[in-house]
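**Student:** File follows, target-v4.tsv with TSV, C-alpha atoms and all ligand atoms:
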chain	number	residue	atom	x	y	z
A	1	MET	CA	52.20	161.56	242.21
A	2	VAL	CA	51.99	163.70	245.33
A	3	GLU	CA	48.20	164.08	245.17
A	4	ARG	CA	47.71	160.35	244.69
A	5	ILE	CA	49.92	159.58	247.68
A	6	ARG	CA	48.14	162.18	249.81
A	7	ALA	CA	44.71	160.76	248.91
A	8	GLY	CA	45.89	157.20	249.58
A	9	LEU	CA	47.33	158.10	252.98
A	10	GLU	CA	44.10	159.84	253.88
A	11	ALA	CA	42.12	156.75	252.89
A	12	LEU	CA	44.40	154.66	255.11
A	13	GLY	CA	43.84	157.12	257.96
A	14	ILE	CA	47.52	158.07	258.17
A	15	PRO	CA	48.11	161.74	259.04
A	16	SER	CA	50.90	162.95	256.78
A	17	PRO	CA	51.89	166.57	257.13
A	18	GLY	CA	54.78	166.82	254.69
A	19	ALA	CA	55.19	163.05	254.20
A	20	ALA	CA	53.39	162.89	250.84
A	21	ALA	CA	55.80	165.48	249.41
A	22	THR	CA	58.84	163.57	250.75
A	23	LEU	CA	57.53	160.27	249.35
A	24	SER	CA	56.85	161.93	246.01
A	25	ARG	CA	60.43	163.28	245.89
A	26	TYR	CA	61.69	159.77	246.73
A	27	GLY	CA	59.55	158.44	243.84
A	28	GLU	CA	61.09	160.97	241.44
A	29	LEU	CA	64.60	159.94	242.50
A	30	LEU	CA	63.64	156.28	242.04
A	31	ILE	CA	62.22	156.79	238.54
A	32	GLU	CA	65.21	158.90	237.51
A	33	LYS	CA	67.84	156.45	238.79
A	34	ASN	CA	65.95	153.49	237.36
A	35	LYS	CA	66.85	154.76	233.88
A	36	VAL	CA	70.47	153.79	234.52
A	37	MET	CA	70.23	151.16	237.30
A	38	ASN	CA	67.83	148.29	237.80
A	39	LEU	CA	65.88	149.30	240.92
A	40	THR	CA	62.25	148.53	240.11
A	41	ALA	CA	60.01	147.10	237.40
A	42	ILE	CA	57.36	149.68	238.36
A	43	THR	CA	58.14	153.00	236.69
A	44	GLU	CA	54.83	154.74	235.99
A	45	PRO	CA	54.34	157.47	238.67
A	46	ASP	CA	50.79	156.47	239.71
A	47	GLN	CA	51.88	152.86	239.99
A	48	VAL	CA	54.92	153.84	242.03
A	49	ALA	CA	52.53	155.70	244.34
A	50	ASP	CA	50.16	152.72	244.65
A	51	LEU	CA	52.33	149.62	244.46
A	52	HIS	CA	55.34	150.95	246.34
A	53	PHE	CA	54.39	153.78	248.70
A	54	LEU	CA	50.77	152.99	249.59
A	55	ASP	CA	51.45	149.25	249.72
A	56	CYS	CA	54.20	149.89	252.28
A	57	ALA	CA	52.20	152.56	254.15
A	58	ALA	CA	49.38	150.05	254.66
A	59	LEU	CA	51.63	148.17	257.11
A	60	LEU	CA	51.09	151.01	259.60
A	61	THR	CA	47.36	150.42	259.81
A	62	ILE	CA	46.50	146.83	259.03
A	63	GLY	CA	45.09	144.80	261.85
A	64	GLY	CA	42.94	147.72	263.05
A	65	GLU	CA	42.98	147.76	266.84
A	66	ARG	CA	45.57	144.99	266.85
A	67	ALA	CA	47.85	146.85	264.40
A	68	VAL	CA	51.57	146.63	265.15
A	69	SER	CA	52.88	149.84	266.72
A	70	PHE	CA	55.93	151.32	264.97
A	71	ARG	CA	56.41	154.26	267.30
A	72	ASP	CA	59.92	154.43	268.82
A	73	LYS	CA	60.68	150.92	267.53
A	74	SER	CA	63.81	149.56	265.86
A	75	LEU	CA	63.19	147.99	262.46
A	76	ILE	CA	65.39	146.09	260.01
A	77	ASP	CA	64.22	145.74	256.41
A	78	VAL	CA	65.81	142.62	254.92
A	79	GLY	CA	66.41	142.60	251.15
A	80	THR	CA	65.23	146.18	250.99
A	81	GLY	CA	66.18	146.76	247.32
A	82	ALA	CA	65.17	150.33	246.56
A	83	GLY	CA	64.07	150.80	250.19
A	84	PHE	CA	60.77	148.89	250.41
A	85	PRO	CA	59.01	148.73	252.76
A	86	GLY	CA	61.48	150.28	255.24
A	87	LEU	CA	62.02	153.76	253.89
A	88	PRO	CA	58.37	154.77	253.37
A	89	LEU	CA	57.67	153.50	256.90
A	90	ARG	CA	60.44	155.73	258.31
A	91	ILE	CA	59.16	158.74	256.35
A	92	LEU	CA	55.67	158.18	257.76
A	93	GLU	CA	56.84	157.33	261.30
A	94	PRO	CA	59.91	159.51	262.05
A	95	SER	CA	60.45	157.94	265.49
A	96	LEU	CA	61.38	154.65	263.83
A	97	SER	CA	65.02	153.62	264.14
A	98	LEU	CA	65.60	152.12	260.69
A	99	THR	CA	68.19	149.73	259.27
A	100	LEU	CA	68.04	148.91	255.55
A	101	LEU	CA	69.94	145.79	254.50
A	102	ASP	CA	70.65	144.44	251.03
A	103	SER	CA	73.25	142.21	249.43
A	104	LEU	CA	73.57	144.40	246.34
A	105	GLY	CA	76.16	147.14	246.94
A	106	LYS	CA	74.99	149.50	244.18
A	107	ARG	CA	71.48	149.63	245.60
A	108	VAL	CA	72.78	150.32	249.10
A	109	THR	CA	74.99	153.16	247.82
A	110	TRP	CA	71.96	154.66	246.06
A	111	LEU	CA	69.89	154.32	249.26
A	112	GLU	CA	72.57	156.27	251.16
A	113	GLU	CA	72.31	159.05	248.56
A	114	VAL	CA	68.51	159.06	248.78
A	115	CYS	CA	68.51	159.18	252.58
A	116	SER	CA	70.86	162.12	252.61
A	117	GLY	CA	68.90	163.83	249.78
A	118	LEU	CA	65.69	163.46	251.80
A	119	GLY	CA	67.32	164.56	255.07
A	120	LEU	CA	67.06	161.13	256.70
A	121	GLU	CA	70.64	161.07	257.98
A	122	ASP	CA	70.05	158.58	260.81
A	123	VAL	CA	68.99	155.66	258.58
A	124	ARG	CA	71.59	152.84	258.61
A	125	CYS	CA	72.19	151.37	255.15
A	126	ILE	CA	74.01	148.04	255.32
A	127	HIS	CA	75.54	146.18	252.42
A	128	ALA	CA	75.53	142.52	253.55
A	129	ARG	CA	73.94	139.16	253.08
A	130	ALA	CA	71.17	138.76	255.66
A	131	GLU	CA	72.24	135.29	256.75
A	132	GLU	CA	75.82	136.49	257.40
A	133	GLN	CA	75.02	139.78	259.15
A	134	ALA	CA	72.69	138.01	261.60
A	135	LEU	CA	75.67	136.04	262.94
A	136	LEU	CA	77.52	139.19	264.03
A	137	LYS	CA	77.50	140.34	267.64
A	138	GLY	CA	74.74	142.84	268.37
A	139	TRP	CA	72.51	141.82	265.48
A	140	ARG	CA	70.78	138.69	266.81
A	141	ASP	CA	67.54	139.00	268.75
A	142	ALA	CA	68.11	142.75	268.52
A	143	PHE	CA	65.25	144.44	266.60
A	144	ASP	CA	61.64	145.10	267.57
A	145	ILE	CA	60.50	144.52	263.99
A	146	ALA	CA	61.88	142.87	260.86
A	147	THR	CA	60.18	143.41	257.51
A	148	SER	CA	60.66	141.87	254.09
A	149	ARG	CA	58.87	142.13	250.74
A	150	ALA	CA	59.48	140.13	247.55
A	151	VAL	CA	62.72	138.50	248.68
A	152	ALA	CA	62.17	134.73	249.00
A	153	ASP	CA	59.77	131.92	249.76
A	154	LEU	CA	58.62	132.09	253.39
A	155	ARG	CA	60.48	128.91	254.36
A	156	LEU	CA	63.77	130.52	253.36
A	157	LEU	CA	62.78	134.03	254.33
A	158	CYS	CA	62.06	133.14	257.96
A	159	GLU	CA	65.61	131.89	258.40
A	160	LEU	CA	66.91	135.19	256.96
A	161	CYS	CA	64.67	137.42	259.07
A	162	LEU	CA	63.55	135.84	262.35
A	163	PRO	CA	67.06	135.68	263.89
A	164	TYR	CA	67.13	139.52	263.94
A	165	VAL	CA	63.93	139.88	265.97
A	166	LYS	CA	64.03	140.18	269.75
A	167	VAL	CA	61.70	138.09	271.90
A	168	GLY	CA	58.33	139.88	271.97
A	169	GLY	CA	59.03	141.51	268.59
A	170	VAL	CA	57.56	140.63	265.20
A	171	PHE	CA	58.58	139.72	261.69
A	172	LEU	CA	56.20	141.17	259.08
A	173	ALA	CA	56.37	139.20	255.84
A	174	MET	CA	54.68	141.00	252.93
A	175	LYS	CA	53.18	138.39	250.65
A	176	SER	CA	50.49	137.82	248.05
A	177	THR	CA	47.09	136.49	249.13
A	178	ASP	CA	47.82	133.07	247.65
A	179	CYS	CA	50.55	132.26	250.17
A	180	ASP	CA	48.59	129.67	252.21
A	181	GLN	CA	50.70	126.76	251.04
A	182	GLU	CA	53.92	128.72	251.57
A	183	LEU	CA	52.79	129.54	255.08
A	184	SER	CA	51.90	126.01	256.06
A	185	ALA	CA	55.19	124.70	254.62
A	186	ALA	CA	57.06	127.25	256.75
A	187	GLY	CA	55.35	126.23	260.01
A	188	ARG	CA	58.02	123.85	261.28
A	189	GLY	CA	60.85	126.27	260.51
A	190	ILE	CA	59.08	129.20	262.17
A	191	GLN	CA	58.74	127.18	265.38
A	192	LEU	CA	62.35	126.01	265.25
A	193	LEU	CA	63.61	129.58	264.82
A	194	GLY	CA	61.66	130.77	267.86
A	195	GLY	CA	58.59	132.16	266.12
A	196	ARG	CA	54.83	131.76	266.11
A	197	VAL	CA	52.35	132.91	263.47
A	198	GLN	CA	50.21	135.52	265.16
A	199	ALA	CA	48.01	136.73	262.28
A	200	ALA	CA	47.69	137.09	258.53
A	201	TRP	CA	46.03	140.33	257.44
A	202	ASP	CA	44.76	140.98	253.93
A	203	TYR	CA	44.57	144.61	252.80
A	204	THR	CA	43.57	146.40	249.63
A	205	ILE	CA	45.78	149.24	248.44
A	206	PRO	CA	43.60	152.40	248.42
A	207	GLY	CA	42.40	153.49	244.98
A	208	THR	CA	43.16	150.04	243.49
A	209	ASP	CA	41.75	146.53	243.47
A	210	VAL	CA	45.12	145.08	244.47
A	211	THR	CA	44.97	142.99	247.63
A	212	HIS	CA	48.08	141.83	249.45
A	213	ARG	CA	48.75	140.01	252.71
A	214	VAL	CA	51.04	140.58	255.62
A	215	VAL	CA	51.93	137.60	257.77
A	216	VAL	CA	52.71	138.61	261.36
A	217	ILE	CA	55.16	136.24	263.03
A	218	GLU	CA	55.86	136.85	266.70
A	219	LYS	CA	59.22	135.98	268.24
A	220	THR	CA	58.51	133.86	271.29
A	221	SER	CA	62.00	132.57	272.13
A	222	PRO	CA	65.57	133.36	271.04
A	223	THR	CA	66.70	131.79	267.76
A	224	PRO	CA	68.88	128.78	268.61
A	225	ARG	CA	72.60	128.92	267.82
A	226	GLY	CA	73.45	127.52	264.42
A	227	TYR	CA	70.82	129.64	262.61
A	228	PRO	CA	70.81	131.19	260.12
A	229	ARG	CA	72.83	128.63	258.19
A	230	ARG	CA	74.84	129.39	255.06
A	231	TRP	CA	72.77	130.35	252.01
A	232	ALA	CA	73.61	127.17	250.09
A	233	LYS	CA	72.33	125.11	253.03
A	234	ILE	CA	69.19	127.25	253.49
A	235	GLN	CA	68.32	126.71	249.84
A	236	LYS	CA	69.24	123.06	249.68
A	237	ALA	CA	67.53	122.00	252.90
A	238	PRO	CA	64.83	124.54	253.88
A	239	LEU	CA	63.59	124.11	257.44
B	301	LIG	C1	62.97	141.61	244.30
B	301	LIG	S1	63.97	142.62	245.29
B	301	LIG	C2	62.77	143.29	246.40
B	301	LIG	C3	63.21	144.61	246.94
B	301	LIG	C4	62.21	145.30	247.89
B	301	LIG	N1	62.08	144.58	249.14
B	301	LIG	C5	60.87	145.53	247.24
B	301	LIG	O1	59.88	144.98	247.72
B	301	LIG	O2	60.81	146.25	246.23
B	301	LIG	C6	64.86	141.47	246.33
B	301	LIG	C7	66.06	142.12	247.03
B	301	LIG	O3	66.54	141.22	248.02
B	301	LIG	C8	67.95	141.25	248.03
B	301	LIG	N2	68.40	139.97	248.61
B	301	LIG	C9	68.16	138.72	248.16
B	301	LIG	N3	68.72	137.81	248.96
B	301	LIG	C10	69.34	138.49	249.97
B	301	LIG	C11	70.11	138.10	251.12
B	301	LIG	N4	70.35	136.84	251.39
B	301	LIG	N5	70.57	139.07	251.93
B	301	LIG	C12	70.33	140.38	251.66
B	301	LIG	N6	69.63	140.81	250.58
B	301	LIG	C13	69.13	139.88	249.75
B	301	LIG	C14	68.32	141.48	246.56
B	301	LIG	O4	69.61	142.03	246.42
B	301	LIG	C15	67.22	142.41	246.10
B	301	LIG	O5	67.59	143.77	246.21
The structure in this file should be written as structure tokens.
**Tutor:**
Amino acid sequence: MVERIRAGLEALGIPSPGAAATLSRYGELLIEKNKVMNLTAITEPDQVADLHFLDCAALLTIGGERAVSFRDKSLIDVGTGAGFPGLPLRILEPSLSLTLLDSLGKRVTWLEEVCSGLGLEDVRCIHARAEEQALLKGWRDAFDIATSRAVADLRLLCELCLPYVKVGGVFLAMKSTDCDQELSAAGRGIQLLGGRVQAAWDYTIPGTDVTHRVVVIEKTSPTPRGYPRRWAKIQKAPL
């Protein structure tokens, strides 16, 4: 796995002294734990390298000259599951101040073990529902970047994620390339929550023919009070 990750990072133009080995160790821990806990449907080492690590790593480079800078930024990964995309980003950009958030306690406990096993002691692992945590003092309009992959339809997802982002920051929604309809349906909600779609970048994971999309949503004004709403309401009446 380590060689595949190293080659993929090189193809992406990401310098990675030591990072490929750390990611590979993370992959081993993931595959091992997945035998007794449901963490991922992807279990074959090369696929873990491609579809988890290199997919997440691509966020650091997409957009070329207009790529989002992660250096010295604070980032919250909403619905992180087994740590994606947040943890690979932190391994590749050590200056990142990372918060991983998930509603499933067992996954968060495992993430704490992984972080300490990999020597990433400063990563905050939070067991909470995104729409509840965002209502607490110090969490709203507080992060430079929010990320989320494979958590919910964009209409719902924006209400979970955009409240965390400070004005001038961005929410990076990792999606498939067929998300046009999802994106246009989310337009009204994005505006209401204080966001604006800045770009949608397609990228191909190195060494594969898999193409994904990241939607970049800029925070242009603070999220109005009253959002996010309770989950039942978000689902029943998406913005
Ligand atoms: C399909 S997994 C994706 C995990 C990871 N982002 C990835 O790409 O592999 C979705 C995760 O979102 C979490 N989740 C769903 N709704 C959530 C919410 N409202 N607040 C926090 N976490 C949530 C679930 O517990 C689950 O771990």
**Student:** Return the single residue from A:Ile14, A:Leu98, A:Leu87, A:Leu118 that is closest to Leu29 (chain A), with distances computed using only C-alpha atoms.
**Tutor:**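 Using only C-alpha atoms, the shortest distance to Leu29 (chain A) belongs to A:Leu118.
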**Student:** Counting only C-alpha atoms and all ligand atoms, name the residues that have an atom within 10 Å of an atom of ligand LIG 301 (chain B); the answer should be given as a ChimeraX atom specification.
**Tutor:** /A:38-42,51-52,55-56,77-86,100-108,126-134,147-152,156-157,159-161,174-175,230-231,234
**Student:** Using all atoms listed in the file, which residues sit within 9 Å of Val114 (chain A) once same-chain residues fewer than 6 positions away are excluded, as an MDAnalysis selection string?
**Tutor:** chainID A and resid 26 29:30 120
**Student:** Name all residues at most 9 Å from Arg6 (chain A) (count all atoms listed in the file; drop same-chain ones fewer than 5 positions away) and give them as an MDAnalysis selection string.
**Tutor:** chainID A and resid 1 11 16 19:21
**Student:** Residues within 9 Å of region 68-71 of chain A, please, as a list of chain:residue names. Count all atoms listed in the file; anything in the same chain fewer than 3 positions from it doesn't count.
**Tutor:**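 Here the answer would be A:Leu59, A:Leu60, A:Thr61, A:Ile62, A:Gly63, A:Gly64, A:Glu65, A:Ser74, A:Leu75, A:Leu89, A:Glu93, A:Pro94, A:Ser95, A:Leu96, A:Asp144, A:Ile145, A:Val170, A:Val216.
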**Student:** Please report the interatomic distance between CA of Thr204 (chain A) and CA of Gly8 (chain A) in Å with one decimal.
**Tutor:** 11.0 Å
**Student:** Considering only C-alpha atoms, return as an MDAnalysis selection string whatever protein or nucleic-acid residues lie within 10 Å of Phe143 (chain A), sequence-local ones (same chain, fewer than 6 positions apart) excluded.
**Tutor:** chainID A and resid 73:76 97:99 162:171
**Student:** Can you work out the spacing between CA of Leu135 (chain A) and CA of Tyr227 (chain A) in Å, to one decimal?
**Tutor:**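 So the answer is 8.0 Å.
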**Student:** Counting all atoms listed in the file, which residue out of A:Asp141, A:Glu10, A:Asp46, A:Asp178 sits closest to His212 (chain A)?
**Tutor:**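 Smallest distance to His212 (chain A) is found for A:Asp178.
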**Student:** Which of these residues is nearest to Ile5 (chain A), using all atoms listed in the file: A:Ile31, A:Ile205, A:Ala185, A:Ile217?
**Tutor:**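 Nearest candidate to Ile5 (chain A) out of A:Ile31, A:Ile205, A:Ala185, A:Ile217: A:Ile205.
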**Student:** Could you work out an axis-aligned box for region 172-179 of chain A, taking every atom the file lists and adding 4 Å on each side, and report centre and edge lengths in Å to one decimal, as JSON?
**Tutor:**
{"center_x": 51.7, "center_y": 136.7, "center_z": 253.4, "size_x": 17.3, "size_y": 16.9, "size_z": 19.4}
**Student:** Give the answer as one residue: which of A:Lys35, A:Pro222, A:Thr177, A:Val210 has the shortest atom-to-atom distance to Arg196 (chain A), using only C-alpha atoms?
**Tutor:**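 Using only C-alpha atoms, Arg196 (chain A) sits closest to A:Pro222.
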**Student:** Just give me the gap between CA of Pro45 (chain A) and CA of Leu172 (chain A) in Å, one decimal is fine.
**Tutor:** 26.2 Å
**Student:** Smallest atom-to-atom distance to Arg225 (chain A): which of A:Gly27, A:Pro17, A:Gly194, A:Gly117, using all atoms listed in the file?
**Tutor:**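 With all atoms listed in the file as the atom set, the closest residue is A:Gly194.
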**Student:** Applying 8 Å and all atoms listed in the file, which residues near region 197-200 of chain A remain after dropping the ones on its own chain fewer than 5 positions away? List them as a list of chain:residue names.
**Tutor:**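 Near region 197-200 of chain A, the qualifying residues are A:Ile190, A:Arg213, A:Val214, A:Val215, A:Val216, A:Ile217, A:Glu218.
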